[in-house]
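final_39.tsv, holding TSV, C-alpha atoms:
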```tsv
chain	number	residue	atom	x	y	z
V	1	MET	CA	23.08	-112.65	8.68
V	2	ALA	CA	25.04	-115.67	7.54
V	3	SER	CA	22.69	-118.05	9.31
V	4	LYS	CA	19.70	-116.67	7.39
V	5	ILE	CA	20.99	-117.80	4.01
V	6	GLN	CA	19.19	-120.95	2.93
V	7	VAL	CA	21.32	-123.52	1.17
V	8	VAL	CA	19.85	-126.73	-0.15
V	9	LEU	CA	22.54	-129.38	-0.07
V	10	ARG	CA	20.68	-132.00	-2.08
V	11	PRO	CA	22.99	-131.92	-5.12
V	12	VAL	CA	26.11	-131.97	-2.92
V	13	LYS	CA	28.02	-135.16	-2.26
V	14	SER	CA	30.70	-133.95	0.13
V	15	ILE	CA	32.25	-130.79	1.48
V	16	VAL	CA	35.85	-130.64	2.70
V	17	VAL	CA	36.94	-127.54	4.59
V	18	ARG	CA	40.70	-127.27	4.87
V	19	PHE	CA	42.33	-124.58	7.00
V	20	CYS	CA	45.22	-123.80	9.30
V	21	PRO	CA	43.82	-122.36	12.54
V	22	PHE	CA	46.99	-120.50	13.49
V	23	GLU	CA	46.70	-118.23	10.43
V	24	SER	CA	44.86	-114.94	10.63
V	25	ASN	CA	42.73	-115.25	7.48
V	26	VAL	CA	40.59	-118.22	8.49
V	27	GLU	CA	37.71	-116.46	10.20
V	28	SER	CA	35.32	-116.53	7.25
V	29	THR	CA	36.14	-120.18	6.49
V	30	ARG	CA	35.53	-121.20	10.09
V	31	ASN	CA	32.23	-119.31	10.12
V	32	PHE	CA	31.30	-121.03	6.87
V	33	LEU	CA	32.00	-124.39	8.48
V	34	ALA	CA	29.87	-123.47	11.48
V	35	CYS	CA	26.97	-122.36	9.23
V	36	ILE	CA	27.19	-125.49	7.07
V	37	ASN	CA	26.94	-127.62	10.18
V	38	HIS	CA	23.70	-125.98	11.23
V	39	LYS	CA	20.86	-128.45	11.61
V	40	ARG	CA	18.61	-126.62	9.15
V	41	ILE	CA	21.11	-126.96	6.33
V	42	GLN	CA	22.19	-130.44	7.36
V	43	ALA	CA	18.56	-131.52	7.32
V	44	THR	CA	18.31	-130.82	3.60
V	45	ASN	CA	20.68	-133.69	2.86
V	46	LYS	CA	21.67	-136.23	5.48
V	47	ASN	CA	24.02	-138.02	3.12
V	48	CYS	CA	26.26	-135.04	2.59
V	49	GLU	CA	29.56	-135.52	4.41
V	50	VAL	CA	31.11	-132.42	5.87
V	51	THR	CA	34.76	-132.90	6.83
V	52	ALA	CA	37.05	-130.41	8.49
V	53	ASP	CA	40.73	-130.86	7.70
V	54	VAL	CA	42.81	-129.02	10.29
V	55	ARG	CA	46.44	-128.56	9.27
V	56	HIS	CA	49.42	-126.58	10.46
V	57	ASP	CA	51.34	-125.90	7.29
V	58	GLY	CA	50.50	-122.25	6.65
V	59	SER	CA	48.33	-123.18	3.69
V	60	GLU	CA	45.40	-121.06	2.54
V	61	PRO	CA	41.90	-121.93	3.74
V	62	VAL	CA	40.04	-123.85	1.03
V	63	VAL	CA	36.50	-125.18	0.73
V	64	ASP	CA	36.19	-128.11	-1.67
V	65	VAL	CA	32.63	-129.05	-2.67
V	66	MET	CA	31.94	-132.20	-4.69
V	67	PHE	CA	28.56	-132.40	-6.38
V	68	VAL	CA	26.61	-135.52	-7.18
V	69	ASP	CA	26.91	-134.97	-10.93
V	70	GLY	CA	30.71	-134.78	-10.75
V	71	ASP	CA	31.15	-131.00	-10.62
V	72	ARG	CA	33.59	-129.50	-8.20
V	73	LEU	CA	33.55	-126.09	-6.56
V	74	ILE	CA	36.74	-124.83	-4.93
V	75	MET	CA	36.47	-121.66	-2.88
V	76	LYS	CA	39.60	-120.05	-1.47
V	77	GLY	CA	38.40	-118.42	1.70
V	78	ALA	CA	41.37	-116.18	2.40
V	79	ASN	CA	39.75	-113.12	0.81
V	80	LEU	CA	36.09	-114.15	0.77
V	81	THR	CA	33.46	-113.43	3.35
V	82	THR	CA	31.19	-116.08	4.81
V	83	VAL	CA	28.13	-114.61	3.14
V	84	GLU	CA	29.81	-114.62	-0.28
V	85	MET	CA	30.79	-118.27	0.09
V	86	LEU	CA	27.32	-119.28	1.22
V	87	THR	CA	25.58	-117.38	-1.57
V	88	ALA	CA	27.95	-118.84	-4.16
V	89	LEU	CA	27.22	-122.37	-2.95
V	90	GLY	CA	23.51	-121.62	-2.63
V	91	THR	CA	23.12	-120.28	-6.16
V	92	ARG	CA	24.94	-123.26	-7.66
V	93	CYS	CA	22.86	-125.71	-5.65
V	94	ASN	CA	19.63	-123.97	-6.71
V	95	ALA	CA	20.68	-124.01	-10.35
V	96	LYS	CA	21.38	-127.74	-10.16
V	97	GLU	CA	18.07	-128.37	-8.42
V	98	ILE	CA	16.18	-126.54	-11.17
V	99	LYS	CA	18.03	-128.53	-13.81
V	100	GLU	CA	17.13	-131.77	-12.06
V	101	GLU	CA	13.48	-130.80	-11.82
V	102	GLN	CA	13.37	-129.94	-15.49
V	103	LYS	CA	15.00	-133.26	-16.35
V	104	SER	CA	12.53	-135.20	-14.23
V	105	LYS	CA	9.60	-133.29	-15.80
V	106	LYS	CA	10.86	-134.12	-19.28
V	107	LYS	CA	11.23	-137.77	-18.33
V	108	SER	CA	7.72	-137.97	-16.91
V	109	LEU	CA	6.21	-136.25	-20.00
X	1	MET	CA	-31.88	-52.70	34.60
X	2	ALA	CA	-34.68	-54.34	32.79
X	3	ALA	CA	-32.65	-54.33	29.59
X	4	LEU	CA	-29.75	-55.96	31.44
X	5	SER	CA	-31.92	-58.53	33.16
X	6	ALA	CA	-33.53	-59.63	29.91
X	7	ALA	CA	-31.93	-62.79	28.41
X	8	PRO	CA	-29.41	-61.99	25.65
X	9	TRP	CA	-31.34	-63.99	23.01
X	10	ARG	CA	-34.33	-61.73	23.59
X	11	ARG	CA	-32.41	-58.64	22.53
X	12	GLY	CA	-32.69	-59.41	18.89
X	13	CYS	CA	-29.00	-59.90	17.86
X	14	PRO	CA	-27.40	-63.37	17.62
X	15	PRO	CA	-24.97	-64.12	20.48
X	16	ALA	CA	-21.20	-63.85	19.90
X	17	LEU	CA	-20.54	-67.30	21.38
X	18	GLN	CA	-22.63	-70.19	20.11
X	19	LEU	CA	-22.52	-72.72	22.93
X	20	VAL	CA	-23.10	-76.25	21.56
X	21	ARG	CA	-25.39	-78.18	23.82
X	22	ARG	CA	-23.49	-81.49	23.74
X	23	GLY	CA	-19.96	-80.01	23.42
X	24	SER	CA	-17.06	-82.10	24.80
X	25	LYS	CA	-14.57	-80.77	27.26
X	26	ALA	CA	-10.98	-79.76	26.55
X	27	VAL	CA	-9.47	-83.03	27.78
X	28	THR	CA	-11.21	-86.00	26.19
X	29	ARG	CA	-10.58	-89.72	25.92
X	30	HIS	CA	-11.14	-89.66	22.17
X	31	TRP	CA	-9.09	-87.69	19.69
X	32	LYS	CA	-10.31	-84.19	19.31
X	33	ALA	CA	-9.26	-81.82	16.57
X	34	MET	CA	-7.38	-78.75	17.65
X	35	HIS	CA	-9.05	-75.38	17.41
X	36	PHE	CA	-8.05	-73.64	14.20
X	37	GLN	CA	-6.30	-70.85	16.03
X	38	ARG	CA	-4.37	-73.37	18.01
X	39	GLN	CA	-3.46	-75.22	14.80
X	40	LYS	CA	-2.07	-72.02	13.34
X	41	LEU	CA	-0.08	-71.31	16.49
X	42	MET	CA	1.39	-74.83	16.52
X	43	ALA	CA	2.37	-74.56	12.85
X	44	VAL	CA	4.09	-71.25	13.37
X	45	THR	CA	5.95	-72.33	16.49
X	46	GLU	CA	7.19	-75.68	15.14
X	47	TYR	CA	10.80	-76.54	16.12
X	48	VAL	CA	13.40	-75.97	13.38
X	49	ALA	CA	16.73	-77.72	14.13
X	50	PRO	CA	19.80	-75.52	13.77
X	51	ARG	CA	21.94	-76.47	10.78
X	52	PRO	CA	25.57	-77.26	11.66
X	53	ALA	CA	28.16	-74.92	10.21
X	54	VAL	CA	30.06	-77.85	8.62
X	55	PRO	CA	27.73	-80.51	7.17
X	56	PRO	CA	28.42	-83.97	8.73
X	57	ARG	CA	29.36	-85.56	5.39
X	58	CYS	CA	32.29	-83.14	5.06
X	59	ARG	CA	33.75	-84.20	8.39
X	60	PRO	CA	36.10	-87.22	8.77
X	61	PRO	CA	33.99	-90.35	9.38
X	62	ASP	CA	33.47	-91.42	12.93
X	63	THR	CA	34.66	-95.04	13.15
X	64	GLY	CA	32.20	-95.70	15.94
X	65	ALA	CA	34.95	-95.64	18.53
X	66	ARG	CA	33.25	-96.91	21.60
X	67	VAL	CA	34.25	-95.34	24.83
X	68	ASP	CA	35.96	-97.98	26.95
X	69	GLN	CA	33.19	-99.21	29.12
X	70	GLU	CA	34.03	-99.41	32.75
X	71	ASP	CA	35.06	-102.90	33.62
X	72	ASP	CA	31.88	-104.78	34.16
X	73	GLY	CA	31.98	-106.90	37.28
X	74	TYR	CA	30.67	-109.90	35.37
X	75	VAL	CA	33.32	-109.48	32.68
X	76	ARG	CA	35.99	-109.31	35.36
X	77	LEU	CA	34.64	-112.50	36.95
X	78	LEU	CA	34.70	-114.36	33.63
X	79	GLN	CA	38.23	-113.16	32.92
X	80	ARG	CA	39.30	-114.38	36.33
X	81	GLN	CA	37.77	-117.77	35.52
X	82	VAL	CA	39.72	-117.89	32.26
X	83	GLN	CA	42.96	-117.07	34.09
X	84	GLU	CA	42.29	-119.79	36.65
X	85	ALA	CA	41.52	-122.31	33.92
X	86	PHE	CA	44.83	-121.59	32.25
X	87	ARG	CA	46.76	-121.56	35.49
X	88	ASP	CA	45.42	-124.69	37.16
X	89	ASN	CA	45.27	-127.09	34.23
X	90	ARG	CA	48.10	-128.91	32.53
X	91	MET	CA	46.23	-129.51	29.31
X	92	ILE	CA	44.06	-126.93	27.55
X	93	ALA	CA	42.68	-127.95	24.16
X	94	VAL	CA	40.91	-125.50	21.87
X	95	CYS	CA	38.27	-126.94	19.56
X	96	GLN	CA	35.88	-125.44	17.05
X	97	TYR	CA	32.31	-125.98	18.16
X	98	ASN	CA	29.71	-126.39	15.42
X	99	ALA	CA	26.07	-126.54	16.40
X	100	MET	CA	25.16	-129.70	18.24
X	101	ALA	CA	21.98	-130.96	19.79
X	102	GLY	CA	21.72	-130.41	23.53
X	103	ASP	CA	21.68	-134.14	24.28
X	104	ASP	CA	24.88	-134.63	22.34
X	105	VAL	CA	26.59	-131.88	24.29
X	106	VAL	CA	25.53	-133.50	27.55
X	107	LEU	CA	26.82	-136.89	26.40
X	108	LEU	CA	30.11	-135.38	25.28
X	109	ARG	CA	30.51	-133.65	28.65
X	110	HIS	CA	29.77	-136.96	30.39
X	111	TYR	CA	32.31	-138.98	28.41
X	112	LEU	CA	35.00	-136.41	28.92
X	113	ARG	CA	34.23	-135.99	32.61
X	114	ARG	CA	34.94	-139.69	33.05
X	115	HIS	CA	38.56	-138.92	32.16
X	116	ASN	CA	38.61	-135.78	34.32
X	117	ILE	CA	38.42	-133.48	31.32
X	118	GLU	CA	36.14	-130.46	31.75
X	119	VAL	CA	34.32	-128.71	28.95
X	120	LYS	CA	34.26	-124.92	29.16
X	121	PHE	CA	32.62	-122.30	26.97
X	122	PHE	CA	34.09	-118.80	26.98
X	123	LEU	CA	33.25	-115.84	24.79
X	124	ASN	CA	36.02	-114.64	22.51
X	125	GLU	CA	35.69	-111.03	23.68
X	126	ILE	CA	36.57	-112.14	27.19
X	127	VAL	CA	39.34	-114.57	26.36
X	128	ARG	CA	41.22	-112.41	23.87
X	129	PRO	CA	42.23	-109.60	26.27
X	130	VAL	CA	43.23	-112.14	28.91
X	131	LEU	CA	45.44	-114.08	26.51
X	132	ALA	CA	46.94	-110.97	24.98
X	133	GLN	CA	48.46	-110.06	28.33
X	134	SER	CA	49.55	-113.55	29.34
X	135	LYS	CA	52.23	-115.83	27.95
X	136	TYR	CA	49.74	-117.66	25.70
X	137	ARG	CA	49.81	-114.91	23.08
X	138	ASN	CA	50.35	-117.39	20.27
X	139	LEU	CA	46.97	-119.00	20.92
X	140	LEU	CA	45.19	-115.75	20.00
X	141	PRO	CA	44.50	-116.60	16.32
X	142	LEU	CA	42.58	-119.69	17.42
X	143	PHE	CA	39.92	-117.69	19.23
X	144	VAL	CA	37.95	-116.46	16.25
X	145	ALA	CA	34.74	-118.38	15.67
X	146	ARG	CA	32.67	-120.39	18.14
X	147	ASN	CA	35.11	-122.26	20.39
X	148	LEU	CA	35.19	-124.88	23.08
X	149	LEU	CA	37.88	-125.35	25.70
X	150	LEU	CA	38.71	-128.78	27.06
X	151	VAL	CA	40.77	-128.45	30.20
X	152	SER	CA	42.29	-131.13	32.37
X	153	ARG	CA	44.86	-131.44	35.14
X	154	GLU	CA	46.27	-134.60	33.59
X	155	ALA	CA	47.44	-134.73	30.00
X	156	LYS	CA	45.14	-137.48	28.73
X	157	ALA	CA	45.42	-136.79	25.06
X	158	LYS	CA	44.66	-140.32	23.86
X	159	GLU	CA	41.30	-140.53	25.61
X	160	MET	CA	40.37	-137.04	24.51
X	161	LEU	CA	41.13	-137.85	20.87
X	162	ARG	CA	39.15	-141.05	21.10
X	163	VAL	CA	36.07	-139.22	22.38
X	164	LEU	CA	36.43	-136.41	19.85
X	165	LYS	CA	36.67	-138.89	16.99
X	166	GLY	CA	33.14	-139.95	17.75
X	167	VAL	CA	31.88	-136.36	17.63
X	168	PRO	CA	32.27	-134.93	14.11
X	169	GLN	CA	30.88	-131.50	15.02
X	170	VAL	CA	33.78	-130.68	17.32
X	171	ASN	CA	37.10	-130.15	15.51
X	172	LEU	CA	40.33	-130.01	17.49
X	173	LEU	CA	42.37	-126.98	16.48
X	174	GLY	CA	45.28	-126.98	18.88
X	175	ALA	CA	46.29	-127.49	22.47
X	176	CYS	CA	48.60	-126.18	25.14
X	177	ILE	CA	50.04	-129.08	27.13
X	178	ASP	CA	52.54	-128.33	29.92
X	179	ASP	CA	53.06	-124.79	28.59
X	180	THR	CA	53.84	-126.12	25.12
X	181	ILE	CA	51.61	-125.08	22.25
X	182	LEU	CA	50.83	-128.01	19.96
X	183	SER	CA	48.93	-128.22	16.72
X	184	ARG	CA	46.49	-131.01	15.97
X	185	GLN	CA	49.27	-133.17	14.56
X	186	GLY	CA	51.34	-132.44	17.62
X	187	VAL	CA	48.53	-133.61	19.89
X	188	GLU	CA	48.17	-136.83	17.89
X	189	ASN	CA	51.91	-137.48	18.15
X	190	PHE	CA	51.80	-136.69	21.85
X	191	ALA	CA	49.01	-139.22	22.28
X	192	LYS	CA	51.11	-141.90	20.56
X	193	LEU	CA	54.02	-141.40	22.98
X	194	PRO	CA	54.41	-144.07	25.70
X	195	SER	CA	53.63	-143.08	29.25
X	196	LEU	CA	56.14	-141.25	31.43
X	197	GLU	CA	57.04	-144.33	33.55
X	198	VAL	CA	57.82	-146.41	30.48
X	199	VAL	CA	59.97	-143.66	29.03
X	200	GLN	CA	61.81	-143.23	32.32
X	201	GLY	CA	62.47	-146.96	32.49
X	202	GLN	CA	63.82	-146.93	28.96
X	203	ALA	CA	66.10	-143.99	29.75
X	204	VAL	CA	67.43	-145.66	32.91
X	205	GLY	CA	68.03	-148.88	30.99
X	206	ALA	CA	69.90	-147.09	28.23
X	207	LEU	CA	72.07	-145.18	30.71
X	208	SER	CA	72.91	-148.24	32.79
X	209	LEU	CA	73.80	-150.31	29.74
X	210	LEU	CA	77.28	-148.84	29.42
X	211	PRO	CA	78.33	-149.08	33.10
X	212	SER	CA	77.27	-152.74	33.12
X	213	GLN	CA	79.75	-153.42	30.34
X	214	THR	CA	82.64	-151.61	32.10
X	215	SER	CA	83.88	-154.58	34.10
X	216	SER	CA	83.83	-156.93	31.13
X	217	LEU	CA	85.55	-154.25	29.02
X	218	LEU	CA	88.35	-153.85	31.55
X	219	GLN	CA	88.87	-157.59	31.95
X	220	CYS	CA	88.66	-158.32	28.27
X	221	SER	CA	92.28	-157.42	27.40
X	222	SER	CA	93.87	-159.45	30.21
X	223	ALA	CA	91.59	-162.41	29.48
X	224	HIS	CA	92.58	-162.22	25.82
X	225	LEU	CA	96.29	-162.20	26.79
X	226	THR	CA	95.81	-165.19	29.08
X	227	ALA	CA	94.07	-167.15	26.35
X	228	LEU	CA	96.86	-166.35	23.89
X	229	LEU	CA	99.57	-167.44	26.35
X	230	ASP	CA	97.68	-170.66	27.10
X	231	GLN	CA	97.51	-171.51	23.44
X	232	HIS	CA	101.18	-170.68	22.97
X	233	ILE	CA	102.18	-172.96	25.84
X	234	ARG	CA	100.02	-175.75	24.50
X	235	ARG	CA	101.65	-175.49	21.12
X	236	LEU	CA	105.15	-175.51	22.63
X	237	GLN	CA	104.27	-178.54	24.69
X	238	GLU	CA	102.82	-180.35	21.74
X	239	GLY	CA	105.92	-179.46	19.84
X	240	GLU	CA	108.24	-180.86	22.50
X	241	GLY	CA	106.04	-183.90	22.83
X	242	GLY	CA	105.87	-185.92	26.02
X	243	ALA	CA	107.06	-183.09	28.25
X	244	PRO	CA	105.04	-182.82	31.52
X	245	VAL	CA	102.16	-180.40	31.04
X	246	GLN	CA	102.22	-177.60	33.65
X	247	PRO	CA	99.09	-175.58	34.20
X	248	SER	CA	99.69	-171.86	33.49
X	249	PRO	CA	99.27	-169.48	36.44
X	250	GLU	CA	95.79	-167.80	36.63
X	251	PRO	CA	95.81	-164.07	36.19
X	252	THR	CA	95.48	-162.37	39.61
X	253	GLY	CA	92.28	-160.27	39.27
X	254	ALA	CA	91.60	-157.18	37.17
X	255	HIS	CA	93.98	-154.20	37.07
```
Taking this structure as input, can you express it in the form of structure tokens?
Amino acid sequence: MASKIQVVLRPVKSIVVRFCPFESNVESTRNFLACINHKRIQATNKNCEVTADVRHDGSEPVVDVMFVDGDRLIMKGANLTTVEMLTALGTRCNAKEIKEEQKSKKKSL
Amino acid sequence: MAALSAAPWRRGCPPALQLVRRGSKAVTRHWKAMHFQRQKLMAVTEYVAPRPAVPPRCRPPDTGARVDQEDDGYVRLLQRQVQEAFRDNRMIAVCQYNAMAGDDVVLLRHYLRRHNIEVKFFLNEIVRPVLAQSKYRNLLPLFVARNLLLVSREAKAKEMLRVLKGVPQVNLLGACIDDTILSRQGVENFAKLPSLEVVQGQAVGALSLLPSQTSSLLQCSSAHLTALLDQHIRRLQEGEGGAPVQPSPEPTGAH
């Protein structure tokens, strides 16, 4: 199910996934990381850096997404499912794509 | 007799059964409509399921409790392999495996095999029950998403980290080295430690430092006394002036 969600990473600059593997609430974050690293999603933007920050300090799992236009999306994965995180990222990416297309159309007109 | 022998259609009344000249048989290869009487019979005798006394939505929900399947032979074999991997190897590192191209996996396996590190894939459903009953219970939370096990008989953490640094899709989560569970930071610190021989040499040197100073420590007080007496005698002789200088007796060995 989670692998069927299409996310276009073009407006994304970098994604940092921070988690502590010895905690019990990291499953959805780890699945999110696995889905993000899928070749289909990675192929949409080769310049997007995906980093996994593995710690052991009992901190909450966090996904930090930096967009090209300076926006930042922070998702705390402790109580989110993988599908919710992917859809949240996907909708924001789509919205930014549409905005970009409209801007480029206005410029060309 | 003549009336009986005459053909029925010569009697003057239409026959009861109209036999169609090109009629198909009962069992045909094409679909054939049922006779009307048969249709009525089928409709009347249709199966009506008995309604349960208590409707299913009023009963407590069935959580889909699966009956414990008999231990599959294959599952038992894989669990035995997991137990052997944990028993025979000094270093077991657990990494998260994100999708990689097949060639990259082969290259990774090759580079690690050079340092005698084997790459093993095990399913979580097989590993979890094995770990839950062994002494590695604290590694259970690691086995959640897609995982990779790097096992080795020697604890070559530095080489393993060097290879993994070049592969961004594999993230080291933790390791169990010599029955000690380490986090990622712990593995990095372990890799920075000097080798066992160097550490042993340092320990031996530190321990033998004190005994080597014992003899000088013991002789130091008598040597100090001798030096003081020498100086005293010299001063007395200088004070007297011109008196024959006599060498002071040497101290006879340590006490």
Discussion item. Quick check: residues of chain X within 12 Å of chain V, all atoms listed in the file, returned as a ChimeraX atom specification.
Written reply: /X:94-101,137-147,165,167-175,181-187
What are the centre and the three edge lengths of an axis-aligned box that wraps all atoms of stretch 174-188 of chain X in the file, given that 4 Å is added to every side, written as AutoDock Vina command-line options and rounded to one decimal in Å?
```
--center_x 49.6 --center_y -130.8 --center_z 22.2 --size_x 16.6 --size_y 20.0 --size_z 23.4
```
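Compared by their closest atoms to X:Glu118, and using all atoms listed in the file, the residues X:Met160, X:Gln83, X:Tyr136, X:Asp103 rank with X:Met160 nearest.
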Fill in: Separation of atom CA of X:Leu78 from atom CA of X:Cys176, in Å and rounded to one decimal
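Interatomic distance here is 20.1 Å.
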Worksheet item: Leaving out X:Leu112 and any residue of its chain fewer than 2 positions from it, which residues lie within 12 Å of it when counting all atoms listed in the file, given as JSON, numbers by chain?
Response: {"X": [105, 106, 107, 108, 109, 110, 114, 115, 116, 117, 118, 119, 120, 149, 150, 151, 152, 156, 157, 158, 159, 160, 161, 162, 163, 164, 166, 167]}
Worksheet item: Suppose you want the space between atom CA of V:Ile74 and atom CA of V:Ser14; what is it in Å?
Response: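 Atom-to-atom, atom CA of V:Ile74 and atom CA of V:Ser14 are spaced 12.1 Å apart.
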Item to complete: Could you check how far atom CA of V:Val62 sits from atom CA of V:Arg18, in Å to one decimal?
Response: 5.2 Å
Could you add the missing atoms to stretch 233-241 of chain X, up to all heavy atoms, and return them as a compact mmCIF listing (two decimals), in the coordinates of the input?
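Written file, part.txt:
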```txt
# COMPACT_ATOMS: atom_id res chain seq x y z
N ILE X 233 101.57 -171.90 25.02
CA ILE X 233 102.18 -172.96 25.84
C ILE X 233 101.77 -174.33 25.33
O ILE X 233 102.59 -175.25 25.20
CB ILE X 233 101.78 -172.78 27.32
CG1 ILE X 233 102.44 -171.50 27.89
CG2 ILE X 233 102.13 -174.00 28.14
CD1 ILE X 233 101.92 -171.08 29.21
N ARG X 234 100.49 -174.44 24.99
CA ARG X 234 100.02 -175.75 24.50
C ARG X 234 100.77 -176.14 23.22
O ARG X 234 101.17 -177.28 23.04
CB ARG X 234 98.52 -175.68 24.24
CG ARG X 234 97.75 -176.63 25.14
CD ARG X 234 96.28 -176.56 24.89
NE ARG X 234 95.63 -175.82 25.96
CZ ARG X 234 94.74 -174.85 25.76
NH1 ARG X 234 94.38 -174.52 24.54
NH2 ARG X 234 94.22 -174.22 26.77
N ARG X 235 100.97 -175.19 22.40
CA ARG X 235 101.65 -175.49 21.12
C ARG X 235 103.10 -175.90 21.39
O ARG X 235 103.61 -176.85 20.77
CB ARG X 235 101.64 -174.24 20.23
CG ARG X 235 100.45 -174.20 19.33
CD ARG X 235 100.72 -173.43 18.08
NE ARG X 235 99.46 -172.80 17.70
CZ ARG X 235 99.32 -171.53 17.38
NH1 ARG X 235 100.36 -170.74 17.34
NH2 ARG X 235 98.15 -171.07 17.09
N LEU X 236 103.75 -175.17 22.32
CA LEU X 236 105.15 -175.51 22.63
C LEU X 236 105.23 -176.92 23.19
O LEU X 236 106.11 -177.71 22.84
CB LEU X 236 105.71 -174.51 23.65
CG LEU X 236 106.00 -173.09 23.14
CD1 LEU X 236 106.39 -172.20 24.31
CD2 LEU X 236 107.13 -173.12 22.12
N GLN X 237 104.25 -177.20 24.07
CA GLN X 237 104.27 -178.54 24.69
C GLN X 237 103.99 -179.63 23.66
O GLN X 237 104.60 -180.70 23.68
CB GLN X 237 103.23 -178.61 25.81
CG GLN X 237 103.70 -177.88 27.07
CD GLN X 237 102.57 -177.61 28.01
OE1 GLN X 237 101.41 -177.88 27.70
NE2 GLN X 237 102.91 -177.05 29.17
N GLU X 238 103.09 -179.35 22.80
CA GLU X 238 102.82 -180.35 21.74
C GLU X 238 104.04 -180.51 20.86
O GLU X 238 104.38 -181.60 20.41
CB GLU X 238 101.61 -179.89 20.90
CG GLU X 238 100.26 -180.20 21.52
CD GLU X 238 99.14 -179.41 20.86
OE1 GLU X 238 99.33 -178.92 19.72
OE2 GLU X 238 98.08 -179.27 21.47
N GLY X 239 104.72 -179.38 20.68
CA GLY X 239 105.92 -179.46 19.84
C GLY X 239 107.01 -180.29 20.50
O GLY X 239 107.68 -181.11 19.87
N GLU X 240 107.22 -180.06 21.79
CA GLU X 240 108.24 -180.86 22.50
C GLU X 240 107.83 -182.31 22.57
O GLU X 240 108.65 -183.21 22.46
CB GLU X 240 108.41 -180.30 23.93
CG GLU X 240 109.25 -179.02 23.96
CD GLU X 240 109.22 -178.38 25.33
OE1 GLU X 240 108.77 -179.04 26.31
OE2 GLU X 240 109.63 -177.21 25.43
N GLY X 241 106.57 -182.52 22.85
CA GLY X 241 106.04 -183.90 22.83
C GLY X 241 106.48 -184.71 24.03
O GLY X 241 107.64 -185.02 24.22
```
